[in-house]
Amino acid sequence: MLVLGIESSCDETAAAVVGPQGVLSDVVHTQGIHAAYGGVVPELAARAHLDKLGVTIRAALDGAGIDRPDAVAATAGPGLIGSVLVGLCWAKALALGWGVPFVAVHHLEGHLLSPMLEERRPEWPFLALVVSGGHTAIYRCESLGQYTLLGETLDDAAGEAYDKIARLLGLGWPGGPMVDRLAETGDPKRISFPRPAPAGLYFSFSGLKTAVRNHVNGPDRASDADICASFQAAVVDCLLDRLGRAIAETGIRRVAIAGGVAANRELRERASNLTTADVFLPPKSRCTDNGAMIAFTGRLHLETGHRDSLATGARPGWILGSR
Ligand code: KG4
Ligand code: ZN
């Protein structure tokens with residue numbers, strides 16, 4: 001079964017075709033218009049999806065060498081409602097026109113299953129650390145559709161913290177890749193930023209962000225590279241600390257790390273060197289939003305016989321695990 005996957009929940013307009021042999025095409029257009037505003041402007045994002053989705057879908061079909069797929073999958077949430085609606089309406093209209101099944105995909109399920117697109121894939125059950133611009137959470141993944149939330153952020157998501165620090169330092173947007181690059185040349189021990197540790201497996205990054213702001217506005221300001229390196233060391237310490245606890249509490253060693261922040265150099269390096277875990281990471285290009293993870297996840301659900309009605313609406317606040 002060849003599945004067209006459409007992703008438009010935030011600022012990536014993406015489409016891909018996935019079949020039994022894996023990814024046949026994967027086209028991602030990252031919207032540049034938001035850079036001027038230092039963050040995603042929802043209305044502009046929706047309009048840009050409207051502008052680009054047609055050619056993106058065409059390119060994905062051409063890349064796979066097909067005129068039409070056997071089914072269409074699309075992100076139905078969570079995300080910016082206007083943006084989600086654009087992809088969802090395209091997907092449902094195409095499914096109706098082609099007379100093929102449609103399936104609605106949860107964006108985070110797409111992320112947490114994305115390591116399964118690789119040759120070396122995690123077996124069930126596994127833990128998933130999803131770290132993106134909108135979410136930071138650890139799930140226990142039992143089987144397809146069976147996910148238990150073990151802990152999540154109480155305030156900012158890790159990617160959001162990166163973006164805010166980049167903005168504070170005037171590095172541009174999106175901030176994650178810029179902070180990551182600068183951190184490479186800095187001293188991670190130059191400033192000792194806090195490692196907030198709320199109870200259980202929860203995360204908190206807003207205190208860390210405030211500590212960075214106080215440092216930047218203080219009398220003994222370090223270089224941007226040292227600030228980035230010290231901030232990044234704190235973020236990765238927090239993520240790996242919670243992950244280590246989750247492994248100890250559940251006894252599950254297999255760990256998938258996914259979402260935009262999983263593209264981070266230090267997180268990838270340190271997670272891969274963990275002796276307590278068997279870590280599965282998608283390639284960097286599949287950490288950030290893409291259509292392949294949506295097509296793949298939709299395909300897994302379609303294989304179980306699942307279909308969604310064309311009356312399915314956008315679900316901006318969709319909770320993972322609910323239908
Ligand atoms: O998964 P994603 O593409 O979109 C959401 O679902 O949110 O994640 C985007 C987030 C942004 O906050 C971006 O700054 C962050 O991922 N990011 C990174 C890196 N690359 C992207 N954060 C840290 N290091 C990176 N290399
Ligand atoms: Zn995402």
# chains A, B, ... in the order shown; residues from 1 in each chain; ligands from 1
>>> residues_around(residues="A:Ala48", least_positions_apart="4", cutoff="9 Å", atoms="only C-alpha atoms", output="MDAnalysis selection string")
chainID A and resid 11 13 31 33 43:44 52:53 83
>>> residues_around(residues="stretch 158-172 of chain A", least_positions_apart="2", cutoff="10 Å", atoms="only C-alpha atoms", output="ChimeraX atom specification")
/A:35-39,130-137,153,155-156,174-180,182,203-206,208-210,212-213,216,224,227-228,231-232,235-236,238-239,259-262
>>> closest_residue(among="A:Leu150, A:Ala233, A:Leu113, A:Ala248", to="A:Leu281", atoms="only C-alpha atoms")
A:Leu113
>>> residues_around(residues="A:Ala73", least_positions_apart="4", cutoff="10 Å", atoms="only C-alpha atoms", output="list in words")
Val3, Leu4, Gly5, Ile6, Glu7, Ala15, Ala16, Val17, Gly87, Leu88, Ala91, Lys92, Ala95, Pro101, Phe102, Val103, Ala104, Val105, Gly291, Ile294, Ala295, Phe296, Thr297, Gly298, Arg299, His301, Leu302, Arg307 and Asp308 of chain A
>>> atom_distance(atom1="atom CA of A:Glu109", atom2="atom CA of A:Gly207")
28.5 Å
>>> closest_residue(among="A:Ser309, A:Asn214, A:Ser9, A:Thr250", to="ligand 2", atoms="only C-alpha atoms and all ligand atoms")
A:Ser9
>>> decode(residues="stretch 241-290 of chain A", atoms="N, CA and C atoms", output="PDB file, in the first residue's frame")
ATOM      1  N   ASP A 241      18.668  13.232  32.334  1.00  0.00           N
ATOM      2  CA  ASP A 241      18.368  12.855  33.714  1.00  0.00           C
ATOM      3  C   ASP A 241      16.982  12.198  33.792  1.00  0.00           C
ATOM      4  N   ARG A 242      15.987  12.828  33.148  1.00  0.00           N
ATOM      5  CA  ARG A 242      14.623  12.287  33.179  1.00  0.00           C
ATOM      6  C   ARG A 242      14.541  10.959  32.431  1.00  0.00           C
ATOM      7  N   LEU A 243      15.272  10.907  31.341  1.00  0.00           N
ATOM      8  CA  LEU A 243      15.279   9.684  30.539  1.00  0.00           C
ATOM      9  C   LEU A 243      15.878   8.536  31.350  1.00  0.00           C
ATOM     10  N   GLY A 244      16.966   8.831  32.062  1.00  0.00           N
ATOM     11  CA  GLY A 244      17.619   7.816  32.903  1.00  0.00           C
ATOM     12  C   GLY A 244      16.655   7.311  33.969  1.00  0.00           C
ATOM     13  N   ARG A 245      15.897   8.241  34.557  1.00  0.00           N
ATOM     14  CA  ARG A 245      14.924   7.841  35.578  1.00  0.00           C
ATOM     15  C   ARG A 245      13.815   6.996  34.984  1.00  0.00           C
ATOM     16  N   ALA A 246      13.363   7.371  33.784  1.00  0.00           N
ATOM     17  CA  ALA A 246      12.284   6.620  33.136  1.00  0.00           C
ATOM     18  C   ALA A 246      12.747   5.188  32.846  1.00  0.00           C
ATOM     19  N   ILE A 247      13.990   5.058  32.426  1.00  0.00           N
ATOM     20  CA  ILE A 247      14.537   3.722  32.144  1.00  0.00           C
ATOM     21  C   ILE A 247      14.577   2.912  33.445  1.00  0.00           C
ATOM     22  N   ALA A 248      15.055   3.554  34.518  1.00  0.00           N
ATOM     23  CA  ALA A 248      15.161   2.847  35.800  1.00  0.00           C
ATOM     24  C   ALA A 248      13.771   2.452  36.318  1.00  0.00           C
ATOM     25  N   GLU A 249      12.787   3.348  36.141  1.00  0.00           N
ATOM     26  CA  GLU A 249      11.442   3.073  36.675  1.00  0.00           C
ATOM     27  C   GLU A 249      10.690   2.014  35.883  1.00  0.00           C
ATOM     28  N   THR A 250      10.896   1.993  34.569  1.00  0.00           N
ATOM     29  CA  THR A 250      10.115   1.064  33.739  1.00  0.00           C
ATOM     30  C   THR A 250      10.874  -0.216  33.409  1.00  0.00           C
ATOM     31  N   GLY A 251      12.193  -0.157  33.516  1.00  0.00           N
ATOM     32  CA  GLY A 251      13.004  -1.319  33.136  1.00  0.00           C
ATOM     33  C   GLY A 251      13.094  -1.473  31.625  1.00  0.00           C
ATOM     34  N   ILE A 252      12.613  -0.461  30.892  1.00  0.00           N
ATOM     35  CA  ILE A 252      12.686  -0.524  29.420  1.00  0.00           C
ATOM     36  C   ILE A 252      13.940   0.226  28.972  1.00  0.00           C
ATOM     37  N   ARG A 253      14.793  -0.446  28.239  1.00  0.00           N
ATOM     38  CA  ARG A 253      16.076   0.146  27.822  1.00  0.00           C
ATOM     39  C   ARG A 253      16.012   0.760  26.431  1.00  0.00           C
ATOM     40  N   ARG A 254      15.034   0.308  25.632  1.00  0.00           N
ATOM     41  CA  ARG A 254      14.960   0.831  24.265  1.00  0.00           C
ATOM     42  C   ARG A 254      14.342   2.219  24.299  1.00  0.00           C
ATOM     43  N   VAL A 255      15.058   3.189  23.707  1.00  0.00           N
ATOM     44  CA  VAL A 255      14.613   4.577  23.779  1.00  0.00           C
ATOM     45  C   VAL A 255      14.649   5.232  22.407  1.00  0.00           C
ATOM     46  N   ALA A 256      13.497   5.742  21.973  1.00  0.00           N
ATOM     47  CA  ALA A 256      13.449   6.512  20.727  1.00  0.00           C
ATOM     48  C   ALA A 256      13.491   7.990  21.104  1.00  0.00           C
ATOM     49  N   ILE A 257      14.326   8.756  20.423  1.00  0.00           N
ATOM     50  CA  ILE A 257      14.344  10.206  20.663  1.00  0.00           C
ATOM     51  C   ILE A 257      13.962  10.883  19.356  1.00  0.00           C
ATOM     52  N   ALA A 258      12.943  11.741  19.405  1.00  0.00           N
ATOM     53  CA  ALA A 258      12.437  12.322  18.165  1.00  0.00           C
ATOM     54  C   ALA A 258      11.947  13.751  18.387  1.00  0.00           C
ATOM     55  N   GLY A 259      11.650  14.440  17.283  1.00  0.00           N
ATOM     56  CA  GLY A 259      11.234  15.845  17.344  1.00  0.00           C
ATOM     57  C   GLY A 259      12.424  16.731  16.993  1.00  0.00           C
ATOM     58  N   GLY A 260      12.145  17.993  16.700  1.00  0.00           N
ATOM     59  CA  GLY A 260      13.177  18.910  16.202  1.00  0.00           C
ATOM     60  C   GLY A 260      14.454  18.960  17.033  1.00  0.00           C
ATOM     61  N   VAL A 261      14.323  18.944  18.370  1.00  0.00           N
ATOM     62  CA  VAL A 261      15.505  19.066  19.236  1.00  0.00           C
ATOM     63  C   VAL A 261      16.365  17.791  19.184  1.00  0.00           C
ATOM     64  N   ALA A 262      15.789  16.690  18.689  1.00  0.00           N
ATOM     65  CA  ALA A 262      16.583  15.460  18.529  1.00  0.00           C
ATOM     66  C   ALA A 262      17.648  15.634  17.446  1.00  0.00           C
ATOM     67  N   ALA A 263      17.571  16.752  16.704  1.00  0.00           N
ATOM     68  CA  ALA A 263      18.623  17.049  15.709  1.00  0.00           C
ATOM     69  C   ALA A 263      19.843  17.654  16.396  1.00  0.00           C
ATOM     70  N   ASN A 264      19.719  17.942  17.694  1.00  0.00           N
ATOM     71  CA  ASN A 264      20.800  18.629  18.408  1.00  0.00           C
ATOM     72  C   ASN A 264      22.052  17.756  18.537  1.00  0.00           C
ATOM     73  N   ARG A 265      23.180  18.337  18.193  1.00  0.00           N
ATOM     74  CA  ARG A 265      24.457  17.602  18.171  1.00  0.00           C
ATOM     75  C   ARG A 265      24.802  16.994  19.529  1.00  0.00           C
ATOM     76  N   GLU A 266      24.727  17.816  20.573  1.00  0.00           N
ATOM     77  CA  GLU A 266      25.135  17.325  21.902  1.00  0.00           C
ATOM     78  C   GLU A 266      24.186  16.249  22.425  1.00  0.00           C
ATOM     79  N   LEU A 267      22.874  16.460  22.226  1.00  0.00           N
ATOM     80  CA  LEU A 267      21.906  15.463  22.685  1.00  0.00           C
ATOM     81  C   LEU A 267      22.146  14.132  21.969  1.00  0.00           C
ATOM     82  N   ARG A 268      22.367  14.196  20.655  1.00  0.00           N
ATOM     83  CA  ARG A 268      22.578  12.969  19.883  1.00  0.00           C
ATOM     84  C   ARG A 268      23.830  12.235  20.358  1.00  0.00           C
ATOM     85  N   GLU A 269      24.893  13.030  20.550  1.00  0.00           N
ATOM     86  CA  GLU A 269      26.177  12.443  20.939  1.00  0.00           C
ATOM     87  C   GLU A 269      26.078  11.783  22.320  1.00  0.00           C
ATOM     88  N   ARG A 270      25.553  12.538  23.273  1.00  0.00           N
ATOM     89  CA  ARG A 270      25.517  12.019  24.649  1.00  0.00           C
ATOM     90  C   ARG A 270      24.510  10.882  24.794  1.00  0.00           C
ATOM     91  N   ALA A 271      23.372  10.981  24.084  1.00  0.00           N
ATOM     92  CA  ALA A 271      22.372   9.907  24.174  1.00  0.00           C
ATOM     93  C   ALA A 271      22.921   8.623  23.545  1.00  0.00           C
ATOM     94  N   SER A 272      23.632   8.769  22.442  1.00  0.00           N
ATOM     95  CA  SER A 272      24.169   7.583  21.759  1.00  0.00           C
ATOM     96  C   SER A 272      25.225   6.888  22.601  1.00  0.00           C
ATOM     97  N   ASN A 273      25.875   7.642  23.491  1.00  0.00           N
ATOM     98  CA  ASN A 273      26.933   7.050  24.323  1.00  0.00           C
ATOM     99  C   ASN A 273      26.417   6.482  25.646  1.00  0.00           C
ATOM    100  N   LEU A 274      25.104   6.563  25.879  1.00  0.00           N
ATOM    101  CA  LEU A 274      24.559   6.044  27.144  1.00  0.00           C
ATOM    102  C   LEU A 274      24.763   4.528  27.207  1.00  0.00           C
ATOM    103  N   THR A 275      25.272   4.069  28.332  1.00  0.00           N
ATOM    104  CA  THR A 275      25.470   2.621  28.464  1.00  0.00           C
ATOM    105  C   THR A 275      24.216   1.957  29.025  1.00  0.00           C
ATOM    106  N   THR A 276      23.308   2.807  29.555  1.00  0.00           N
ATOM    107  CA  THR A 276      22.101   2.264  30.188  1.00  0.00           C
ATOM    108  C   THR A 276      20.943   2.125  29.197  1.00  0.00           C
ATOM    109  N   ALA A 277      21.133   2.597  27.962  1.00  0.00           N
ATOM    110  CA  ALA A 277      20.009   2.607  27.020  1.00  0.00           C
ATOM    111  C   ALA A 277      20.443   2.195  25.622  1.00  0.00           C
ATOM    112  N   ASP A 278      19.478   1.679  24.899  1.00  0.00           N
ATOM    113  CA  ASP A 278      19.648   1.350  23.495  1.00  0.00           C
ATOM    114  C   ASP A 278      18.903   2.461  22.746  1.00  0.00           C
ATOM    115  N   VAL A 279      19.636   3.425  22.180  1.00  0.00           N
ATOM    116  CA  VAL A 279      18.997   4.633  21.672  1.00  0.00           C
ATOM    117  C   VAL A 279      18.746   4.574  20.159  1.00  0.00           C
ATOM    118  N   PHE A 280      17.551   4.994  19.759  1.00  0.00           N
ATOM    119  CA  PHE A 280      17.166   5.010  18.343  1.00  0.00           C
ATOM    120  C   PHE A 280      16.843   6.450  17.955  1.00  0.00           C
ATOM    121  N   LEU A 281      17.618   6.973  17.023  1.00  0.00           N
ATOM    122  CA  LEU A 281      17.448   8.368  16.592  1.00  0.00           C
ATOM    123  C   LEU A 281      17.176   8.419  15.095  1.00  0.00           C
ATOM    124  N   PRO A 282      16.191   9.207  14.673  1.00  0.00           N
ATOM    125  CA  PRO A 282      16.024   9.384  13.222  1.00  0.00           C
ATOM    126  C   PRO A 282      17.191  10.232  12.706  1.00  0.00           C
ATOM    127  N   PRO A 283      17.481  10.192  11.400  1.00  0.00           N
ATOM    128  CA  PRO A 283      18.482  11.134  10.878  1.00  0.00           C
ATOM    129  C   PRO A 283      18.003  12.561  11.133  1.00  0.00           C
ATOM    130  N   LYS A 284      18.933  13.518  11.150  1.00  0.00           N
ATOM    131  CA  LYS A 284      18.555  14.896  11.503  1.00  0.00           C
ATOM    132  C   LYS A 284      17.391  15.431  10.677  1.00  0.00           C
ATOM    133  N   SER A 285      17.379  15.111   9.381  1.00  0.00           N
ATOM    134  CA  SER A 285      16.338  15.662   8.495  1.00  0.00           C
ATOM    135  C   SER A 285      14.952  15.151   8.873  1.00  0.00           C
ATOM    136  N   ARG A 286      14.877  14.009   9.566  1.00  0.00           N
ATOM    137  CA  ARG A 286      13.573  13.456   9.960  1.00  0.00           C
ATOM    138  C   ARG A 286      13.239  13.758  11.409  1.00  0.00           C
ATOM    139  N   CYS A 287      14.063  14.593  12.070  1.00  0.00           N
ATOM    140  CA  CYS A 287      13.730  15.008  13.440  1.00  0.00           C
ATOM    141  C   CYS A 287      12.724  16.147  13.357  1.00  0.00           C
ATOM    142  N   THR A 288      12.998  17.101  12.483  1.00  0.00           N
ATOM    143  CA  THR A 288      12.060  18.218  12.313  1.00  0.00           C
ATOM    144  C   THR A 288      10.863  17.719  11.491  1.00  0.00           C
ATOM    145  N   ASP A 289       9.809  18.535  11.436  1.00  0.00           N
ATOM    146  CA  ASP A 289       8.560  18.092  10.820  1.00  0.00           C
ATOM    147  C   ASP A 289       8.751  17.640   9.371  1.00  0.00           C
ATOM    148  N   ASN A 290       8.113  16.539   9.048  1.00  0.00           N
ATOM    149  CA  ASN A 290       8.225  15.987   7.679  1.00  0.00           C
ATOM    150  C   ASN A 290       6.996  15.156   7.360  1.00  0.00           C
TER     151      ASN A 290
END
